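Right, one structure below, let's go through it.
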Amino acid sequence: MRKISVLIATSNIYSVIGVILFFALGFAFYKSVVISVILSTFGLFMPEYMYQILLNKRKEKLNLQFKDLLYCISSGLAAGRSIETTLKEAEKELHLLYPSEEYDIIKEVQYINHGLDLNVPVEELLKDFAERSHDEDIISFSDVFISCKRTGGNLIEVARTSSNIISDKIEIKRNIQVTISDVRFEQKVMNVLMLFVLLAMTYASGDYMDTMFQGITGRIVMTVALLIYIASYIVGQKLLDIEV
């Protein structure tokens with residue numbers, strides 16, 4: 001119940017922030033309270049936008065934590081344990097790395113072990129975990145693992161190879177983020193700077209800019225400018241969102 005209350009409160013906060021931002025954006029481009037109020041309604045979609053951002057960050061963290069789980073699995077299997085026993089021991093080892101119950105990987109391993117206690121096949125539990133994670137590395141490992149377990153393949157090598165692949169992808173992604181960090185910062189600065197330039201020209205030029213905020217022609221010009229501004233932001237985000 002408390003989590004639901006927190007989610008609702010967080011959603012309301014993002015909605016308020018979104019309404020304020022879109023109202024300010026509308027007033028900067030139109031100098032009209034009516035149009036700004038209309039545009040501010042788009043701010044109600046801010047919670048969904050932020051949800052996607054937070055979801056992607058959570059998936060990245062789970063991917064990193066899953067690598068540690070694979071290391072525990074490969075070590076346990078190499079020691080001659082069964083996969084079921086290995087997962088039980090992995091929960092204990094992961095608790096040393098992630099002491100809080102709030103970590104997703106801890107919750108998932110506990111859920112898997114609870115299923116094993118109820119005699120649910122490990123293949124079904126791993127497949128369920130993979131489908132809920134929506135992570136291609138976890139899905140790939142699950143598919144290969146299930147196939148190897150049914151055909152008698154080398155489970156140790158599967159876990160070790162998957163761990164190495166994820167480690168390489170994490171390292172590549174980290175190098176990419178370091179490389180484009182300056183570009184990302186410059187993009188944020190330019191997005192804010194363009195608004196400041198518009199506001200400065202509007203309030204420092206006296207009546208010179210009034211024609212841009214009056215009449216059909218002025219409204220059309222400012223609408224085109226606003227669309228270009230939004231498009232530049234979206235394109236910039238897409239260019240910097242590099243998948244590995």
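Chain lettering (A, B, ...) mirrors the order of the structure tokens, residue numbering begins at 1 for each chain separately, and ligand numbering begins at 1 in order of display.
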
Please produce, as a tab-separated table, a per-residue contact table for region 160-186 of chain A versus region 234-243 of chain A (criterion: any atom at most 9 Å away, only C-alpha atoms considered), showing the nearest atom pair and its distance in Å to one decimal, sorted by chain then residue number.
residue	atom	partner	partner_atom	distance
A:Lys173	CA	A:Glu243	CA	8.1
A:Ile176	CA	A:Ile242	CA	8.1
A:Gln177	CA	A:Ile242	CA	8.9
A:Ile180	CA	A:Leu240	CA	7.3
A:Val183	CA	A:Leu240	CA	8.4
A:Arg184	CA	A:Leu240	CA	7.1

Checklist entry - What's the 12 Å shell around Asn164 (chain A), counting only C-alpha atoms, without same-chain residues fewer than 2 positions away, as a ChimeraX atom specification? => result /A:64,66-68,70-71,74,137,141,157-162,166-171

Atoms kept (N, CA and C atoms) for selection, written as an mmCIF file, in the first residue's frame:
data_model
loop_
_atom_site.group_PDB
_atom_site.id
_atom_site.type_symbol
_atom_site.label_atom_id
_atom_site.label_comp_id
_atom_site.auth_asym_id
_atom_site.auth_seq_id
_atom_site.Cartn_x
_atom_site.Cartn_y
_atom_site.Cartn_z
ATOM 1 N N LEU A 64 23.553 -5.648 -15.329
ATOM 2 C CA LEU A 64 24.833 -5.668 -14.621
ATOM 3 C C LEU A 64 24.798 -6.681 -13.471
ATOM 4 N N PHE A 66 22.849 -9.277 -13.298
ATOM 5 C CA PHE A 66 22.707 -10.613 -13.862
ATOM 6 C C PHE A 66 24.073 -11.213 -14.194
ATOM 7 N N LYS A 67 24.998 -10.365 -14.564
ATOM 8 C CA LYS A 67 26.368 -10.835 -14.846
ATOM 9 C C LYS A 67 26.967 -11.497 -13.600
ATOM 10 N N ASP A 68 26.720 -10.908 -12.441
ATOM 11 C CA ASP A 68 27.220 -11.494 -11.199
ATOM 12 C C ASP A 68 26.531 -12.826 -10.899
ATOM 13 N N LEU A 70 25.461 -14.895 -13.184
ATOM 14 C CA LEU A 70 26.060 -15.873 -14.094
ATOM 15 C C LEU A 70 27.408 -16.353 -13.580
ATOM 16 N N TYR A 71 28.158 -15.451 -12.980
ATOM 17 C CA TYR A 71 29.452 -15.843 -12.408
ATOM 18 C C TYR A 71 29.245 -16.856 -11.288
ATOM 19 N N SER A 74 28.201 -20.248 -12.952
ATOM 20 C CA SER A 74 29.320 -20.957 -13.583
ATOM 21 C C SER A 74 30.264 -21.532 -12.538
ATOM 22 N N ASP A 137 19.926 -10.156 -23.295
ATOM 23 C CA ASP A 137 20.982 -11.032 -22.785
ATOM 24 C C ASP A 137 20.402 -12.125 -21.888
ATOM 25 N N PHE A 141 20.372 -16.087 -22.761
ATOM 26 C CA PHE A 141 20.927 -17.083 -21.842
ATOM 27 C C PHE A 141 19.873 -18.130 -21.497
ATOM 28 N N GLU A 157 29.960 -23.912 -19.637
ATOM 29 C CA GLU A 157 30.481 -23.062 -20.718
ATOM 30 C C GLU A 157 29.441 -22.031 -21.141
ATOM 31 N N VAL A 158 28.174 -22.413 -21.120
ATOM 32 C CA VAL A 158 27.099 -21.475 -21.468
ATOM 33 C C VAL A 158 27.083 -20.302 -20.508
ATOM 34 N N ALA A 159 27.139 -20.585 -19.195
ATOM 35 C CA ALA A 159 27.128 -19.528 -18.182
ATOM 36 C C ALA A 159 28.367 -18.654 -18.293
ATOM 37 N N ARG A 160 29.540 -19.282 -18.501
ATOM 38 C CA ARG A 160 30.789 -18.512 -18.588
ATOM 39 C C ARG A 160 30.800 -17.629 -19.834
ATOM 40 N N THR A 161 30.373 -18.177 -20.960
ATOM 41 C CA THR A 161 30.350 -17.404 -22.210
ATOM 42 C C THR A 161 29.373 -16.233 -22.114
ATOM 43 N N SER A 162 28.177 -16.495 -21.563
ATOM 44 C CA SER A 162 27.187 -15.432 -21.405
ATOM 45 C C SER A 162 27.713 -14.322 -20.503
ATOM 46 N N ILE A 166 28.264 -10.384 -21.716
ATOM 47 C CA ILE A 166 27.650 -9.256 -21.013
ATOM 48 C C ILE A 166 28.721 -8.296 -20.500
ATOM 49 N N SER A 167 29.822 -8.842 -19.977
ATOM 50 C CA SER A 167 30.921 -7.993 -19.484
ATOM 51 C C SER A 167 31.492 -7.146 -20.606
ATOM 52 N N ASP A 168 31.682 -7.760 -21.773
ATOM 53 C CA ASP A 168 32.211 -7.017 -22.924
ATOM 54 C C ASP A 168 31.243 -5.923 -23.364
ATOM 55 N N LYS A 169 29.951 -6.237 -23.382
ATOM 56 C CA LYS A 169 28.950 -5.242 -23.782
ATOM 57 C C LYS A 169 28.903 -4.075 -22.795
ATOM 58 N N ILE A 170 29.019 -4.391 -21.502
ATOM 59 C CA ILE A 170 29.006 -3.340 -20.478
ATOM 60 C C ILE A 170 30.214 -2.431 -20.645
ATOM 61 N N GLU A 171 31.377 -3.031 -20.919
ATOM 62 C CA GLU A 171 32.601 -2.241 -21.093
ATOM 63 C C GLU A 171 32.511 -1.357 -22.332
#

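Here CA of Met222 (chain A) and CA of Val19 (chain A) stand 20.0 Å from one another.
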
Long-range neighbours of region 50-53 of chain A as a PDB file with N, CA and C atoms, in the first residue's frame, 12 Å cut-off, only C-alpha atoms, 3 positions minimum in chain:
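around29.pdb, freshly written:
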ATOM      1  N   LEU A   7       4.179   5.750  -5.527  1.00  0.00           N
ATOM      2  CA  LEU A   7       4.089   5.820  -6.984  1.00  0.00           C
ATOM      3  C   LEU A   7       3.117   6.915  -7.430  1.00  0.00           C
ATOM      4  N   THR A  10       4.746  10.291  -6.746  1.00  0.00           N
ATOM      5  CA  THR A  10       5.804  10.548  -7.728  1.00  0.00           C
ATOM      6  C   THR A  10       5.211  10.918  -9.077  1.00  0.00           C
ATOM      7  N   SER A  11       4.165  10.198  -9.475  1.00  0.00           N
ATOM      8  CA  SER A  11       3.491  10.488 -10.744  1.00  0.00           C
ATOM      9  C   SER A  11       2.907  11.898 -10.736  1.00  0.00           C
ATOM     10  N   ASN A  12       2.312  12.292  -9.625  1.00  0.00           N
ATOM     11  CA  ASN A  12       1.737  13.636  -9.518  1.00  0.00           C
ATOM     12  C   ASN A  12       2.819  14.716  -9.603  1.00  0.00           C
ATOM     13  N   ILE A  13       3.961  14.448  -8.982  1.00  0.00           N
ATOM     14  CA  ILE A  13       5.077  15.407  -9.022  1.00  0.00           C
ATOM     15  C   ILE A  13       5.563  15.590 -10.450  1.00  0.00           C
ATOM     16  N   TYR A  14       5.745  14.462 -11.175  1.00  0.00           N
ATOM     17  CA  TYR A  14       6.192  14.546 -12.573  1.00  0.00           C
ATOM     18  C   TYR A  14       5.157  15.272 -13.432  1.00  0.00           C
ATOM     19  N   SER A  15       3.883  15.070 -13.134  1.00  0.00           N
ATOM     20  CA  SER A  15       2.828  15.751 -13.893  1.00  0.00           C
ATOM     21  C   SER A  15       2.904  17.259 -13.682  1.00  0.00           C
ATOM     22  N   ILE A  17       5.549  19.004 -12.748  1.00  0.00           N
ATOM     23  CA  ILE A  17       6.759  19.495 -13.410  1.00  0.00           C
ATOM     24  C   ILE A  17       6.533  19.606 -14.909  1.00  0.00           C
ATOM     25  N   GLY A  18       5.893  18.592 -15.500  1.00  0.00           N
ATOM     26  CA  GLY A  18       5.627  18.603 -16.932  1.00  0.00           C
ATOM     27  C   GLY A  18       4.711  19.743 -17.335  1.00  0.00           C
ATOM     28  N   GLY A  43       2.055  18.191 -20.593  1.00  0.00           N
ATOM     29  CA  GLY A  43       2.871  17.863 -19.433  1.00  0.00           C
ATOM     30  C   GLY A  43       2.317  16.702 -18.633  1.00  0.00           C
ATOM     31  N   LEU A  44       1.030  16.388 -18.835  1.00  0.00           N
ATOM     32  CA  LEU A  44       0.426  15.255 -18.129  1.00  0.00           C
ATOM     33  C   LEU A  44       1.009  13.929 -18.593  1.00  0.00           C
ATOM     34  N   PHE A  45       1.705  13.947 -19.754  1.00  0.00           N
ATOM     35  CA  PHE A  45       2.347  12.732 -20.246  1.00  0.00           C
ATOM     36  C   PHE A  45       3.762  12.576 -19.686  1.00  0.00           C
ATOM     37  N   MET A  46       4.213  13.540 -18.889  1.00  0.00           N
ATOM     38  CA  MET A  46       5.552  13.479 -18.329  1.00  0.00           C
ATOM     39  C   MET A  46       5.789  12.217 -17.485  1.00  0.00           C
ATOM     40  N   PRO A  47       4.826  11.769 -16.645  1.00  0.00           N
ATOM     41  CA  PRO A  47       5.061  10.538 -15.866  1.00  0.00           C
ATOM     42  C   PRO A  47       5.397   9.339 -16.744  1.00  0.00           C
ATOM     43  N   ASN A  56      14.395   1.993 -18.271  1.00  0.00           N
ATOM     44  CA  ASN A  56      15.622   1.656 -18.997  1.00  0.00           C
ATOM     45  C   ASN A  56      16.826   1.613 -18.054  1.00  0.00           C
ATOM     46  N   LYS A  57      16.883   2.555 -17.119  1.00  0.00           N
ATOM     47  CA  LYS A  57      17.981   2.543 -16.141  1.00  0.00           C
ATOM     48  C   LYS A  57      17.912   1.303 -15.259  1.00  0.00           C
ATOM     49  N   ARG A  58      16.691   0.927 -14.892  1.00  0.00           N
ATOM     50  CA  ARG A  58      16.518  -0.266 -14.050  1.00  0.00           C
ATOM     51  C   ARG A  58      16.933  -1.528 -14.794  1.00  0.00           C
ATOM     52  N   LYS A  59      16.627  -1.580 -16.099  1.00  0.00           N
ATOM     53  CA  LYS A  59      17.025  -2.726 -16.909  1.00  0.00           C
ATOM     54  C   LYS A  59      18.536  -2.803 -17.041  1.00  0.00           C
ATOM     55  N   GLU A  60      19.201  -1.645 -17.160  1.00  0.00           N
ATOM     56  CA  GLU A  60      20.658  -1.628 -17.228  1.00  0.00           C
ATOM     57  C   GLU A  60      21.285  -2.150 -15.936  1.00  0.00           C
ATOM     58  N   GLN A 237      18.413  13.124 -29.016  1.00  0.00           N
ATOM     59  CA  GLN A 237      18.309  12.003 -28.084  1.00  0.00           C
ATOM     60  C   GLN A 237      18.492  10.667 -28.801  1.00  0.00           C
ATOM     61  N   ASP A 241      21.488   7.858 -28.281  1.00  0.00           N
ATOM     62  CA  ASP A 241      21.032   6.610 -27.672  1.00  0.00           C
ATOM     63  C   ASP A 241      21.568   5.442 -28.489  1.00  0.00           C
TER      64      ASP A 241
END

Residues of region 127-159 of chain A that have any atom at most 10 Å from an atom of region 81-102 of chain A: could you tabulate them with the shortest-distance atom pair and the distance in Å to one decimal, using only C-alpha atoms, ordered by chain and increasing number, as a tab-separated table?
residue	atom	partner	partner_atom	distance
A:Lys149	CA	A:Ile83	CA	9.7
A:Leu155	CA	A:Ile83	CA	8.9
A:Ile156	CA	A:Ile83	CA	9.9

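Using only C-alpha atoms, the contacts of region 29-32 of chain A at a cut-off of 8 Å, with sequence neighbours closer than 3 positions omitted, comprise Leu25, Gly26, Ile35, Ser36, Leu198, Phe213, Arg219, Met222, Thr223 and Leu226 of chain A.
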
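Atom pair CA of Tyr208 (chain A) / CA of Phe23 (chain A): separated by 23.4 Å.
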
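Considering the residues A:Ser147, A:Gln65, A:Ser40, A:Ser205 and counting only C-alpha atoms, Glu123 (chain A) has its shortest atom-to-atom contact with A:Ser147.
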
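Interatomic distance, CA of Asp135 (chain A) against CA of Gln110 (chain A): 18.9 Å.
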
Next on the checklist: Which residues are near Ile146 (chain A)? Cut-off 12 Å, only C-alpha atoms, ignore same chain within fewer than 6 positions. Put them as a PyMOL selection string.
Outcome noted: chain A and resi 83+121-128+130+139-140+152-155+158-159

Next on the checklist: If DSSP is run on the backbone, what residues of region 18-136 of chain A are alpha helix (DSSP H)? A reply as JSON, numbers by chain would be ideal.
Outcome noted: {"A": [18, 19, 20, 21, 22, 23, 24, 25, 26, 27, 28, 29, 30, 33, 34, 35, 36, 37, 38, 39, 40, 46, 47, 48, 49, 50, 51, 52, 53, 54, 55, 56, 57, 58, 59, 60, 61, 62, 63, 64, 65, 66, 67, 68, 69, 70, 71, 72, 73, 74, 75, 76, 77, 78, 83, 84, 85, 86, 87, 88, 89, 90, 91, 92, 93, 94, 95, 96, 97, 104, 105, 106, 107, 108, 109, 110, 111, 112, 113, 114, 115, 116, 117, 122, 123, 124, 125, 126, 127, 128, 129, 130, 131, 132, 133, 136]}
